[in-house]
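Enquirer: So here's final.cif, just mmCIF, C-alpha atoms and all ligand atoms:
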data_protein
loop_
_atom_site.label_atom_id
_atom_site.label_comp_id
_atom_site.auth_asym_id
_atom_site.auth_seq_id
_atom_site.Cartn_x
_atom_site.Cartn_y
_atom_site.Cartn_z
CA MET A 989 116.94 159.57 63.12
CA ASP A 990 115.11 157.42 65.54
CA PHE A 991 115.09 153.61 65.38
CA LYS A 992 112.06 152.27 67.20
CA SER A 993 112.36 148.63 68.17
CA ASN A 994 109.34 146.38 68.40
CA HIS A 995 109.04 142.62 68.38
CA ASN A 996 109.29 142.38 64.62
CA SER A 997 111.33 145.29 63.53
CA PRO A 998 113.00 148.40 64.77
CA VAL A 999 111.26 151.04 62.65
CA LEU A 1000 113.03 154.14 61.56
CA THR A 1001 111.03 157.27 62.24
CA ASP A 1002 112.53 160.48 61.02
CA GLN A 1003 110.87 163.66 62.10
CA VAL A 1004 112.82 165.98 59.85
CA PRO A 1005 111.89 165.76 56.16
CA VAL A 1006 114.78 163.70 54.87
CA HIS A 1007 114.91 164.92 51.31
CA LYS A 1008 114.73 168.57 52.25
CA SER A 1009 117.52 168.38 54.80
CA ARG A 1010 119.72 166.22 52.60
CA LEU A 1011 119.34 168.73 49.84
CA ARG A 1012 120.26 171.60 52.09
CA MET A 1013 123.13 170.03 53.98
CA SER A 1014 124.55 167.06 52.17
CA SER A 1015 124.07 164.25 54.70
CA ILE A 1016 122.71 165.28 58.06
CA ILE A 1017 120.34 162.31 58.03
CA PRO A 1018 120.99 158.83 56.66
CA PRO A 1019 118.81 157.54 53.84
CA PRO A 1020 115.27 156.44 54.66
CA ALA A 1021 115.42 152.83 55.70
CA THR A 1022 113.68 150.13 57.69
CA PHE A 1023 115.18 147.23 59.58
CA SER A 1024 113.90 143.67 59.65
CA SER A 1025 114.10 141.51 62.75
CA ASN A 1026 117.64 140.46 61.96
CA LEU A 1027 118.45 144.15 61.73
CA PHE A 1028 119.57 143.98 58.12
CA LEU A 1029 118.68 147.06 56.19
CA ASN A 1030 115.77 146.86 53.78
CA VAL A 1031 116.11 149.61 51.23
CA PRO A 1032 114.52 149.74 47.83
CA ARG A 1033 117.29 148.57 45.49
CA ARG A 1034 117.57 148.54 41.74
CA ASN A 1035 119.08 145.09 41.77
CA PRO A 1036 118.19 143.20 44.97
CA LEU A 1037 120.97 140.74 44.40
CA SER A 1038 123.79 143.19 44.11
CA GLY A 1039 125.91 144.08 47.14
CA LYS A 1040 125.80 142.76 50.65
CA LEU A 1041 123.01 143.91 52.93
CA ASP A 1042 125.49 144.16 55.77
CA ASP A 1043 127.49 146.67 53.79
CA VAL A 1044 124.41 148.78 53.18
CA ARG A 1045 123.53 148.71 56.85
CA ALA A 1046 127.02 149.74 57.85
CA SER A 1047 127.23 152.52 55.31
CA SER A 1048 123.86 153.91 56.36
CA TRP A 1049 125.06 154.08 59.96
CA LEU A 1050 128.40 155.46 58.93
CA ASP A 1051 126.63 158.28 57.10
CA ALA A 1052 124.65 159.07 60.20
CA MET A 1053 127.61 158.81 62.53
CA LYS A 1054 129.87 160.97 60.38
CA ALA A 1055 127.18 163.60 60.02
CA SER A 1056 126.30 163.65 63.71
CA SER A 1057 128.97 166.17 64.59
CA PRO A 1058 129.94 168.44 61.74
CA PRO A 1059 133.28 170.30 61.92
CA SER A 1060 133.03 172.74 64.79
CA LYS A 1061 134.89 175.56 63.10
CA LYS A 1062 132.79 178.69 63.29
CA PHE A 1063 131.79 179.99 59.90
CA LYS A 1064 132.42 183.51 61.04
CA GLU A 1065 136.01 182.57 61.84
CA ILE A 1066 136.73 180.78 58.61
CA ASN A 1067 139.57 182.25 56.60
CA HIS A 1068 137.79 183.73 53.63
CA ASP A 1069 140.71 183.01 51.33
CA THR A 1070 140.02 179.31 51.67
CA VAL A 1071 136.29 179.32 51.79
CA SER A 1072 134.08 179.15 48.75
CA ASP A 1073 131.39 181.71 48.03
CA GLU A 1074 128.99 178.82 47.99
CA THR A 1075 129.78 177.93 51.63
CA ASP A 1076 129.43 181.57 52.66
CA SER A 1077 126.11 181.99 50.96
CA GLU A 1078 124.84 178.71 52.41
CA TYR A 1079 125.68 180.00 55.88
CA PHE A 1080 124.16 183.41 55.31
CA SER A 1081 120.95 182.04 53.91
CA TRP A 1082 120.80 179.74 56.93
CA LEU A 1083 121.24 182.77 59.20
CA MET A 1084 118.31 184.45 57.44
CA LYS A 1085 116.19 181.48 58.43
CA TYR A 1086 117.61 181.14 61.97
CA PRO A 1087 118.71 184.68 62.91
CA SER A 1088 121.13 185.21 65.76
CA ALA A 1089 119.28 185.60 69.07
CA LEU A 1090 121.83 188.31 69.91
CA SER A 1091 121.27 190.36 66.76
CA SER A 1092 117.52 189.84 67.14
CA PHE A 1093 117.55 190.58 70.84
CA GLU A 1094 115.30 193.62 70.56
CA GLN A 1095 112.76 191.64 68.59
CA ILE A 1096 112.79 188.93 71.29
CA THR A 1097 112.40 191.37 74.17
CA ASN A 1098 109.67 193.31 72.37
CA PHE A 1099 107.74 190.08 72.31
CA ALA A 1100 108.66 189.33 75.94
CA LYS A 1101 107.46 192.67 77.31
CA GLY A 1102 105.08 192.10 80.22
CA LYS A 1103 105.51 188.35 79.98
CA LYS A 1104 107.10 185.93 82.42
CA ILE A 1105 110.07 184.25 80.78
CA ALA A 1106 110.83 180.62 81.67
CA LEU A 1107 114.28 179.38 80.65
CA PHE A 1108 115.09 175.83 79.59
CA LEU A 1109 118.74 175.03 78.94
CA ASP A 1110 120.40 171.96 77.51
CA TYR A 1111 123.83 171.15 78.97
CA ASP A 1112 126.46 169.62 76.63
CA GLY A 1113 127.26 171.90 73.71
CA THR A 1114 124.99 174.61 75.14
CA LEU A 1115 126.41 175.48 78.56
CA SER A 1116 129.65 173.54 78.22
CA PRO A 1117 131.77 173.29 75.09
CA ILE A 1118 131.97 169.86 73.46
CA VAL A 1119 135.13 168.06 74.61
CA ASP A 1120 136.60 164.64 73.82
CA ASN A 1121 136.07 163.14 77.26
CA PRO A 1122 132.44 163.35 78.49
CA GLU A 1123 133.69 163.25 82.08
CA HIS A 1124 135.56 166.50 81.45
CA ALA A 1125 132.65 168.55 80.11
CA PHE A 1126 132.99 171.19 82.80
CA MET A 1127 131.00 174.36 82.70
CA PRO A 1128 133.10 177.54 82.54
CA SER A 1129 132.57 179.53 85.74
CA ALA A 1130 131.55 182.66 83.81
CA ILE A 1131 128.71 180.68 82.23
CA ARG A 1132 127.71 179.25 85.61
CA PHE A 1133 127.56 182.78 86.97
CA ALA A 1134 125.40 183.92 84.04
CA VAL A 1135 122.98 181.00 84.60
CA LYS A 1136 122.86 181.69 88.35
CA ASN A 1137 122.04 185.33 87.69
CA ALA A 1138 119.42 184.46 85.10
CA ALA A 1139 117.75 182.12 87.58
CA LYS A 1140 117.25 185.08 89.96
CA TYR A 1141 114.92 186.64 87.40
CA PHE A 1142 113.46 183.71 85.47
CA PRO A 1143 112.49 180.17 86.52
CA THR A 1144 115.28 178.12 84.97
CA ALA A 1145 115.59 174.41 84.26
CA ILE A 1146 118.36 172.26 82.82
CA ILE A 1147 117.17 169.49 80.51
CA SER A 1148 119.94 167.06 79.63
CA GLY A 1149 120.61 163.63 78.16
CA ARG A 1150 122.94 162.99 81.10
CA SER A 1151 121.73 161.43 84.33
CA ARG A 1152 120.12 164.06 86.55
CA ASP A 1153 122.73 163.60 89.29
CA LYS A 1154 125.60 163.99 86.88
CA VAL A 1155 124.31 167.13 85.20
CA HIS A 1156 123.42 168.61 88.59
CA GLY A 1157 127.01 167.87 89.64
CA PHE A 1158 128.40 169.69 86.60
CA VAL A 1159 126.12 172.73 86.91
CA GLY A 1160 126.21 172.86 90.72
CA LEU A 1161 123.41 175.40 91.17
CA LYS A 1162 120.69 174.53 93.64
CA GLU A 1163 118.34 177.26 92.48
CA LEU A 1164 117.54 175.46 89.20
CA TYR A 1165 115.24 172.61 88.25
CA TYR A 1166 116.86 169.55 86.69
CA ALA A 1167 115.62 167.00 84.19
CA GLY A 1168 118.06 164.19 83.31
CA SER A 1169 117.95 161.23 80.89
CA HIS A 1170 116.44 163.34 78.09
CA GLY A 1171 113.62 164.44 80.39
CA MET A 1172 112.86 160.98 81.82
CA ASP A 1173 113.97 162.01 85.31
CA ILE A 1174 112.57 165.31 86.53
CA VAL A 1175 112.66 167.03 89.88
CA GLY A 1176 110.16 169.85 89.82
CA PRO A 1177 108.42 172.10 92.28
CA VAL A 1178 105.46 170.85 94.25
CA ARG A 1179 102.21 172.08 92.84
CA ASP A 1180 98.79 170.54 93.11
CA SER A 1181 98.15 170.53 89.41
CA GLU A 1182 95.82 167.68 88.49
CA SER A 1183 97.79 166.61 85.41
CA VAL A 1184 101.09 166.58 87.34
CA VAL A 1185 100.14 164.83 90.57
CA SER A 1186 97.75 162.37 88.97
CA HIS A 1187 100.52 160.91 86.83
CA PRO A 1188 101.33 157.38 88.10
CA ASN A 1189 105.06 158.03 87.79
CA CYS A 1190 105.02 161.21 89.82
CA ILE A 1191 105.80 160.99 93.53
CA ARG A 1192 106.21 163.62 96.19
CA THR A 1193 109.53 163.44 97.98
CA THR A 1194 112.22 165.66 99.47
CA ASP A 1195 115.42 166.78 97.80
CA GLU A 1196 118.96 166.94 99.26
CA GLN A 1197 118.13 170.20 101.02
CA GLY A 1198 115.03 168.65 102.59
CA LYS A 1199 112.71 170.68 100.33
CA GLU A 1200 109.48 169.04 99.14
CA VAL A 1201 109.59 168.29 95.41
CA ASN A 1202 107.80 166.27 92.75
CA LEU A 1203 109.91 163.45 91.31
CA PHE A 1204 108.77 162.31 87.90
CA GLN A 1205 110.34 159.21 86.33
CA PRO A 1206 108.13 157.91 83.51
CA ALA A 1207 110.60 155.16 82.57
CA SER A 1208 111.24 153.79 86.07
CA GLU A 1209 110.24 150.23 85.10
CA PHE A 1210 113.15 150.22 82.60
CA LEU A 1211 115.83 150.71 85.23
CA PRO A 1212 116.89 147.01 85.50
CA MET A 1213 116.88 146.67 81.71
CA ILE A 1214 119.05 149.75 81.28
CA GLU A 1215 121.50 148.43 83.90
CA GLU A 1216 121.66 145.12 82.05
CA ILE A 1217 122.24 146.58 78.59
CA PHE A 1218 124.79 149.00 80.05
CA ARG A 1219 126.87 146.07 81.35
CA SER A 1220 126.46 144.20 78.09
CA LEU A 1221 127.54 147.21 76.04
CA ILE A 1222 130.63 147.69 78.20
CA GLU A 1223 131.56 144.04 77.81
CA ASN A 1224 131.00 144.02 74.06
CA THR A 1225 132.80 147.24 73.19
CA LYS A 1226 135.77 147.00 75.53
CA ASP A 1227 138.10 145.97 72.71
CA ILE A 1228 137.21 149.02 70.59
CA ILE A 1229 139.87 151.56 71.42
CA GLY A 1230 138.42 154.98 72.31
CA SER A 1231 134.85 153.81 72.83
CA LYS A 1232 133.10 154.80 76.02
CA VAL A 1233 129.79 153.64 77.44
CA GLU A 1234 128.05 156.08 79.77
CA ASN A 1235 125.22 155.16 82.12
CA ASN A 1236 122.68 157.98 82.09
CA LYS A 1237 120.26 156.15 84.41
CA PHE A 1238 117.25 155.79 82.07
CA CYS A 1239 119.34 155.70 78.91
CA VAL A 1240 122.83 154.71 77.86
CA SER A 1241 125.29 156.60 75.65
CA VAL A 1242 127.89 154.84 73.53
CA HIS A 1243 130.53 157.41 72.59
CA TYR A 1244 132.68 157.04 69.48
CA ARG A 1245 134.31 160.50 69.33
CA LEU A 1246 137.69 158.95 70.16
CA VAL A 1247 137.22 155.79 68.10
CA ASP A 1248 139.20 155.52 64.88
CA GLU A 1249 136.77 156.23 62.04
CA LYS A 1250 137.56 152.90 60.43
CA ASN A 1251 135.97 151.20 63.47
CA TRP A 1252 132.76 153.21 63.52
CA ASP A 1253 130.89 150.53 61.61
CA VAL A 1254 132.12 147.92 64.12
CA ILE A 1255 130.76 149.88 67.05
CA ALA A 1256 127.41 150.43 65.29
CA GLN A 1257 127.12 146.73 64.47
CA ARG A 1258 127.89 145.67 68.05
CA VAL A 1259 125.26 148.05 69.43
CA LEU A 1260 122.64 146.90 66.90
CA GLU A 1261 123.42 143.27 67.68
CA ILE A 1262 122.85 143.76 71.41
CA LEU A 1263 119.74 145.81 70.83
CA LYS A 1264 118.15 142.85 69.05
CA ASN A 1265 117.58 141.36 72.51
CA TYR A 1266 115.81 144.46 73.77
CA PRO A 1267 112.71 145.13 71.70
CA ARG A 1268 111.50 147.72 74.19
CA LEU A 1269 114.56 149.88 73.71
CA ARG A 1270 115.40 152.09 70.76
CA LEU A 1271 118.49 153.62 69.25
CA THR A 1272 119.02 157.27 68.38
CA TYR A 1273 122.13 159.31 67.81
CA GLY A 1274 123.58 162.62 68.93
CA ARG A 1275 126.94 164.30 68.54
CA LYS A 1276 129.33 161.37 68.01
CA VAL A 1277 127.24 159.30 70.35
CA LEU A 1278 124.77 156.43 69.95
CA GLU A 1279 121.98 156.57 72.49
CA ILE A 1280 119.89 153.67 73.75
CA ARG A 1281 116.64 154.51 75.47
CA PRO A 1282 113.21 153.14 76.37
CA ILE A 1283 110.39 153.26 73.86
CA ILE A 1284 108.06 155.53 75.73
CA ASP A 1285 106.15 158.54 74.57
CA TRP A 1286 108.39 160.96 76.42
CA ASN A 1287 111.10 163.39 75.34
CA LYS A 1288 112.56 166.82 76.09
CA GLY A 1289 109.47 168.50 74.63
CA LYS A 1290 107.19 166.65 77.03
CA ALA A 1291 109.59 167.51 79.85
CA VAL A 1292 109.23 171.21 79.02
CA GLU A 1293 105.44 170.90 79.11
CA PHE A 1294 105.62 168.98 82.39
CA LEU A 1295 107.85 171.61 83.99
CA LEU A 1296 105.71 174.49 82.74
CA GLU A 1297 102.68 172.80 84.28
CA SER A 1298 104.59 172.15 87.53
CA LEU A 1299 105.63 175.79 87.66
CA GLY A 1300 102.07 176.94 87.08
CA LEU A 1301 103.12 178.52 83.80
CA SER A 1302 101.29 176.50 81.20
CA ASN A 1303 98.41 177.73 79.07
CA SER A 1304 99.14 181.32 79.82
CA GLU A 1305 99.43 184.16 77.34
CA ASP A 1306 101.68 185.94 79.81
CA VAL A 1307 104.41 183.31 79.74
CA LEU A 1308 107.26 183.10 77.27
CA PRO A 1309 109.25 179.85 77.46
CA ILE A 1310 112.70 179.97 75.83
CA TYR A 1311 114.60 176.74 75.15
CA VAL A 1312 118.29 176.77 74.21
CA GLY A 1313 119.90 173.58 72.90
CA ASP A 1314 122.33 172.20 70.34
CA ASP A 1315 121.38 168.58 69.76
CA ARG A 1316 118.87 166.43 67.90
CA THR A 1317 117.02 165.62 71.13
CA ASP A 1318 116.44 169.35 71.69
CA GLU A 1319 114.36 169.43 68.52
CA ASP A 1320 111.42 167.87 70.41
CA ALA A 1321 111.43 170.87 72.72
CA PHE A 1322 111.81 173.37 69.86
CA LYS A 1323 108.84 171.71 68.20
CA VAL A 1324 106.62 171.95 71.28
CA LEU A 1325 107.40 175.66 71.65
CA GLY A 1326 107.03 176.32 67.94
CA GLU A 1327 103.57 174.78 67.83
CA GLY A 1328 101.05 177.55 68.40
CA ASN A 1329 103.92 180.03 68.89
CA LYS A 1330 104.16 179.11 72.57
CA GLY A 1331 107.76 180.22 72.88
CA PHE A 1332 111.18 180.46 71.26
CA GLY A 1333 113.63 177.70 70.45
CA ILE A 1334 117.24 178.78 70.07
CA LEU A 1335 119.59 176.39 68.30
CA VAL A 1336 123.25 176.48 69.32
CA SER A 1337 125.23 175.76 66.20
CA SER A 1338 128.06 177.28 64.22
CA VAL A 1339 127.16 175.32 61.09
CA PRO A 1340 123.89 175.22 59.12
CA LYS A 1341 121.43 172.65 60.45
CA GLU A 1342 117.74 172.17 59.80
CA SER A 1343 115.83 172.83 63.00
CA HIS A 1344 112.49 173.57 64.59
CA ALA A 1345 114.15 176.45 66.45
CA CYS A 1346 113.55 180.02 65.33
CA TYR A 1347 116.82 181.67 66.40
CA SER A 1348 120.44 180.59 66.67
CA LEU A 1349 123.57 181.18 68.74
CA THR A 1350 126.97 179.90 67.67
CA ASP A 1351 128.35 178.41 70.89
CA PRO A 1352 128.19 178.41 74.72
CA SER A 1353 129.93 181.79 74.94
CA GLU A 1354 127.10 183.33 72.91
CA VAL A 1355 124.59 181.52 75.14
CA MET A 1356 126.25 183.24 78.10
CA GLU A 1357 126.03 186.60 76.33
CA PHE A 1358 122.36 186.02 75.61
CA LEU A 1359 121.62 185.16 79.26
CA ARG A 1360 123.48 188.26 80.43
CA SER A 1361 121.53 190.42 77.99
CA LEU A 1362 118.24 188.96 79.23
CA VAL A 1363 119.16 189.83 82.81
CA ARG A 1364 120.19 193.38 81.85
CA TRP A 1365 116.94 193.85 79.97
CA LYS A 1366 114.86 192.45 82.85
CA LYS A 1367 116.57 194.77 85.36
CA CYS A 1368 115.69 197.76 83.17
CA GLU A 1369 112.11 196.54 82.83
CA VAL A 1370 111.77 196.13 86.60
CA GLY A 1371 113.43 199.54 87.16
CA ALA A 1372 111.06 201.23 84.70
CA ALA A 1373 108.05 199.60 86.36
CA HIS A 1374 109.18 200.95 89.77
CA LEU A 1375 109.51 204.45 88.38
CA LEU A 1376 105.93 204.31 87.18
CA THR A 1377 104.55 203.30 90.58
O1 LIG B 1401 121.28 166.69 76.30
P1 LIG B 1401 122.73 167.03 76.52
O2 LIG B 1401 122.98 167.66 77.85
O3 LIG B 1401 123.28 167.87 75.39
O4 LIG B 1401 123.49 165.63 76.51
C1 LIG B 1401 123.69 164.91 75.29
C2 LIG B 1401 124.89 164.02 75.45
O5 LIG B 1401 125.95 164.87 75.89
C3 LIG B 1401 127.18 164.28 76.25
O6 LIG B 1401 127.88 163.88 75.07
C4 LIG B 1401 128.26 164.97 74.24
O7 LIG B 1401 129.18 165.83 74.95
C5 LIG B 1401 130.43 165.20 75.33
C6 LIG B 1401 131.23 166.20 76.14
O8 LIG B 1401 131.44 167.38 75.44
C7 LIG B 1401 131.16 164.75 74.05
O9 LIG B 1401 132.38 164.10 74.40
C8 LIG B 1401 130.26 163.78 73.27
O10 LIG B 1401 130.88 163.42 72.05
C9 LIG B 1401 128.91 164.44 72.97
O11 LIG B 1401 128.02 163.51 72.36
C10 LIG B 1401 126.98 163.13 77.20
O12 LIG B 1401 128.21 162.51 77.46
C11 LIG B 1401 125.94 162.15 76.67
O13 LIG B 1401 125.73 161.13 77.63
C12 LIG B 1401 124.65 162.92 76.46
O14 LIG B 1401 123.62 162.05 76.02
#
Please express the file's structure as structure tokens.
Ligand SMILES: O=P(O)(O)OC[C@H]1O[C@H](O[C@H]2O[C@H](CO)[C@@H](O)[C@H](O)[C@H]2O)[C@H](O)[C@@H](O)[C@@H]1O

Expert:
Amino acid sequence: MDFKSNHNSPVLTDQVPVHKSRLRMSSIIPPPATFSSNLFLNVPRRNPLSGKLDDVRASSWLDAMKASSPPSKKFKEINHDTVSDETDSEYFSWLMKYPSALSSFEQITNFAKGKKIALFLDYDGTLSPIVDNPEHAFMPSAIRFAVKNAAKYFPTAIISGRSRDKVHGFVGLKELYYAGSHGMDIVGPVRDSESVVSHPNCIRTTDEQGKEVNLFQPASEFLPMIEEIFRSLIENTKDIIGSKVENNKFCVSVHYRLVDEKNWDVIAQRVLEILKNYPRLRLTYGRKVLEIRPIIDWNKGKAVEFLLESLGLSNSEDVLPIYVGDDRTDEDAFKVLGEGNKGFGILVSSVPKESHACYSLTDPSEVMEFLRSLVRWKKCEVGAAHLLT
């Protein structure tokens, strides 16, 4: 769900068909709603006088917040004595729709034959397991090694909601490209593509190793505003035990994973209250996190397109982009790749979720397995090509 603020009202725009997903998975998405300027919820009601609008607003947010991170227990590990047939069949019919990228590996590589694969990887929940403290979301070294190896064969980029510096620090591989702040901060290779260099927010600079790069920051004018709201959010949530406000440079995350559930409505109300003063910012949510970001026409999907263009890999039949991610913000990238069958989106999830992806993997360890398999396959392909020459 995506609350777009403007001077009169933050407007809810939901890209996933609400009724369909609510039918399939109880309450992934809160009920359709709009907000007036005082941020009270306006929902069609049978009796407009019954109940308090504040209560409705809080319960709508609570629905969203509770649903934002479903129980992480893997279906395949569930004790079948305690699980209903209904749950099993829900999972298996979901798997029919989003087959495992490991089980379907041959299908994927058949499609990839002779093509140049470009890899796009989300960070939290994809390369590092979800943990309580966002500062401790370290990447297991075996996964780092798999990513490093994959990058030897395929151009590889990390696209994260974190600040670019922070995610670079966690991943620690200089051979990758990095996009932070949900794609609003990209360092890409230098290429004289008209659509890349002509963008007013794209500048040529040098990276830490002195290499020439293109730095693209489409939300740079929002930097002071983000700093300001970051400070205000810290000040206004400091009494909520367990809350954590994270500065992601062009966006801010308000974490409630460690907040007692009875205070989730308090944290939502405080954030909404502050946001009233920032009509050019909007509120979205991820896995037990509320995210504040600029209203600009930019997202992880656009970042993928930008990077493909920067790498000289766009508009080519011989290129197969693969995006792996676990979160709502990754859906924009899945959508871009799904349109016109440009590439594959792989959703990382151990529970059924509606998605624009076409395959699934359960967790970061399966992501690692998938990357290793891609490398093995590529080595064989290269070996076979050598034998023929
Ligand atoms: O795009 P991503 O790389 O997936 O980043 C999305 C958010 O990830 C982080 O929060 C999530 O992971 C934390 C560590 O496992 C977890 O504690 C939190 O509950 C999750 O929401 C990050 O801290 C956020 O800033 C990112 O926006």

Enquirer: At a cut-off of 8 Å and counting all atoms listed in the file, what residues surround ligand LIG 1401 (chain B)? Please answer as a PyMOL selection string.

Expert: chain A and resi 1110-1114+1116-1125+1147-1151+1155+1169-1170+1234-1236+1240-1245+1274-1277+1279+1313-1315+1317-1318

Enquirer: Go ahead and write the selection's residues with C-alpha atoms as a short mmCIF file (atom, residue, chain, number, x, y, z; two decimals), in the coordinates of the input.

Expert:
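Saved the output as result_18.cif:
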data_model
loop_
_atom_site.label_atom_id
_atom_site.label_comp_id
_atom_site.auth_asym_id
_atom_site.auth_seq_id
_atom_site.Cartn_x
_atom_site.Cartn_y
_atom_site.Cartn_z
CA ASP A 1110 120.40 171.96 77.51
CA TYR A 1111 123.83 171.15 78.97
CA ASP A 1112 126.46 169.62 76.63
CA GLY A 1113 127.26 171.90 73.71
CA THR A 1114 124.99 174.61 75.14
CA SER A 1116 129.65 173.54 78.22
CA PRO A 1117 131.77 173.29 75.09
CA ILE A 1118 131.97 169.86 73.46
CA VAL A 1119 135.13 168.06 74.61
CA ASP A 1120 136.60 164.64 73.82
CA ASN A 1121 136.07 163.14 77.26
CA PRO A 1122 132.44 163.35 78.49
CA GLU A 1123 133.69 163.25 82.08
CA HIS A 1124 135.56 166.50 81.45
CA ALA A 1125 132.65 168.55 80.11
CA ILE A 1147 117.17 169.49 80.51
CA SER A 1148 119.94 167.06 79.63
CA GLY A 1149 120.61 163.63 78.16
CA ARG A 1150 122.94 162.99 81.10
CA SER A 1151 121.73 161.43 84.33
CA VAL A 1155 124.31 167.13 85.20
CA SER A 1169 117.95 161.23 80.89
CA HIS A 1170 116.44 163.34 78.09
CA GLU A 1234 128.05 156.08 79.77
CA ASN A 1235 125.22 155.16 82.12
CA ASN A 1236 122.68 157.98 82.09
CA VAL A 1240 122.83 154.71 77.86
CA SER A 1241 125.29 156.60 75.65
CA VAL A 1242 127.89 154.84 73.53
CA HIS A 1243 130.53 157.41 72.59
CA TYR A 1244 132.68 157.04 69.48
CA ARG A 1245 134.31 160.50 69.33
CA GLY A 1274 123.58 162.62 68.93
CA ARG A 1275 126.94 164.30 68.54
CA LYS A 1276 129.33 161.37 68.01
CA VAL A 1277 127.24 159.30 70.35
CA GLU A 1279 121.98 156.57 72.49
CA GLY A 1313 119.90 173.58 72.90
CA ASP A 1314 122.33 172.20 70.34
CA ASP A 1315 121.38 168.58 69.76
CA THR A 1317 117.02 165.62 71.13
CA ASP A 1318 116.44 169.35 71.69
#

Enquirer: Calculate how many Å separate CA of Asp1248 (chain A) from CA of Gly1230 (chain A), rounding to one decimal.

Expert: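 Taking CA of Asp1248 (chain A) as the start and CA of Gly1230 (chain A) as the end point, the length is 7.5 Å.
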
Enquirer: Between CA of Glu1223 (chain A) and CA of Lys1054 (chain A), what distance in Å does the model show, to one decimal?

Expert: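 Going from CA of Glu1223 (chain A) over to CA of Lys1054 (chain A), I get 24.4 Å.
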
Enquirer: Would you pick out the contacts of Leu1161 (chain A) at 12 Å or less, using all atoms listed in the file, so that residues sharing its chain but fewer than 5 positions from it are not included, and give the list as a ChimeraX atom specification?

Expert: /A:1127,1129,1131-1140,1144-1146,1153,1155-1156,1166

Enquirer: Would you output that residue set with C-alpha atoms, as an mmCIF file, in the frame of the given file?

Expert:
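Listing of result-v5.cif after writing:
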data_model
loop_
_atom_site.group_PDB
_atom_site.id
_atom_site.type_symbol
_atom_site.label_atom_id
_atom_site.label_comp_id
_atom_site.auth_asym_id
_atom_site.auth_seq_id
_atom_site.Cartn_x
_atom_site.Cartn_y
_atom_site.Cartn_z
ATOM 1 C CA MET A 1127 131.000 174.360 82.700
ATOM 2 C CA SER A 1129 132.570 179.530 85.740
ATOM 3 C CA ILE A 1131 128.710 180.680 82.230
ATOM 4 C CA ARG A 1132 127.710 179.250 85.610
ATOM 5 C CA PHE A 1133 127.560 182.780 86.970
ATOM 6 C CA ALA A 1134 125.400 183.920 84.040
ATOM 7 C CA VAL A 1135 122.980 181.000 84.600
ATOM 8 C CA LYS A 1136 122.860 181.690 88.350
ATOM 9 C CA ASN A 1137 122.040 185.330 87.690
ATOM 10 C CA ALA A 1138 119.420 184.460 85.100
ATOM 11 C CA ALA A 1139 117.750 182.120 87.580
ATOM 12 C CA LYS A 1140 117.250 185.080 89.960
ATOM 13 C CA THR A 1144 115.280 178.120 84.970
ATOM 14 C CA ALA A 1145 115.590 174.410 84.260
ATOM 15 C CA ILE A 1146 118.360 172.260 82.820
ATOM 16 C CA ASP A 1153 122.730 163.600 89.290
ATOM 17 C CA VAL A 1155 124.310 167.130 85.200
ATOM 18 C CA HIS A 1156 123.420 168.610 88.590
ATOM 19 C CA TYR A 1166 116.860 169.550 86.690
#

Enquirer: For CA of Leu1295 (chain A) and CA of Phe1218 (chain A), quote the distance in Å rounded to one decimal.

Expert: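 Between these atoms lies a distance of 28.5 Å.
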
Enquirer: Compile the contact shell of Gly1289 (chain A) as a PDB file with C-alpha atoms, in the frame of the given file: residues with an atom at most 8 Å away, counting all atoms listed in the file, same-chain residues fewer than 4 positions apart removed.

Expert:
ATOM      1  CA  GLU A1293     105.440 170.900  79.110  1.00  0.00           C
ATOM      2  CA  ASP A1318     116.440 169.350  71.690  1.00  0.00           C
ATOM      3  CA  GLU A1319     114.360 169.430  68.520  1.00  0.00           C
ATOM      4  CA  ASP A1320     111.420 167.870  70.410  1.00  0.00           C
ATOM      5  CA  ALA A1321     111.430 170.870  72.720  1.00  0.00           C
ATOM      6  CA  PHE A1322     111.810 173.370  69.860  1.00  0.00           C
ATOM      7  CA  LYS A1323     108.840 171.710  68.200  1.00  0.00           C
ATOM      8  CA  VAL A1324     106.620 171.950  71.280  1.00  0.00           C
TER       9      VAL A1324
END

Enquirer: With all atoms listed in the file as the counted atoms, please give the residues lying no more than 7 Å from region 1188-1195 of chain A, apart from itself and same-chain residues fewer than 6 positions off, as a list of chain:residue names.

Expert: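 Result of the neighbour search: A:Val1201, A:Asn1202, A:Leu1203, A:Phe1204, A:Gln1205, A:Pro1206.
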
Enquirer: Leaving out Ser1337 (chain A) and any residue of its chain fewer than 6 positions from it, which residues lie within 7 Å of it when counting only C-alpha atoms, given as a PDB file with C-alpha atoms, in the frame of the given file?

Expert:
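The result, written out as around26.pdb:
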ATOM      1  CA  ASP A1314     122.330 172.200  70.340  1.00  0.00           C
ATOM      2  CA  SER A1348     120.440 180.590  66.670  1.00  0.00           C
ATOM      3  CA  LEU A1349     123.570 181.180  68.740  1.00  0.00           C
ATOM      4  CA  THR A1350     126.970 179.900  67.670  1.00  0.00           C
ATOM      5  CA  ASP A1351     128.350 178.410  70.890  1.00  0.00           C
TER       6      ASP A1351
END

Enquirer: Given all atoms listed in the file as the basis, pick out the residue of A:Pro1352, A:Phe1332, A:Glu1215, A:Leu1083 nearest to Phe1126 (chain A).

Expert: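 Of all the options, A:Pro1352 lies closest to Phe1126 (chain A).
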
Enquirer: Can you work out which one of A:Leu1325, A:Ala1055, A:Ala1100, A:Ala1089 has the shortest atom-to-atom distance to Glu1369 (chain A), counting all atoms listed in the file?

Expert: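 Of all the options, A:Ala1100 lies closest to Glu1369 (chain A).
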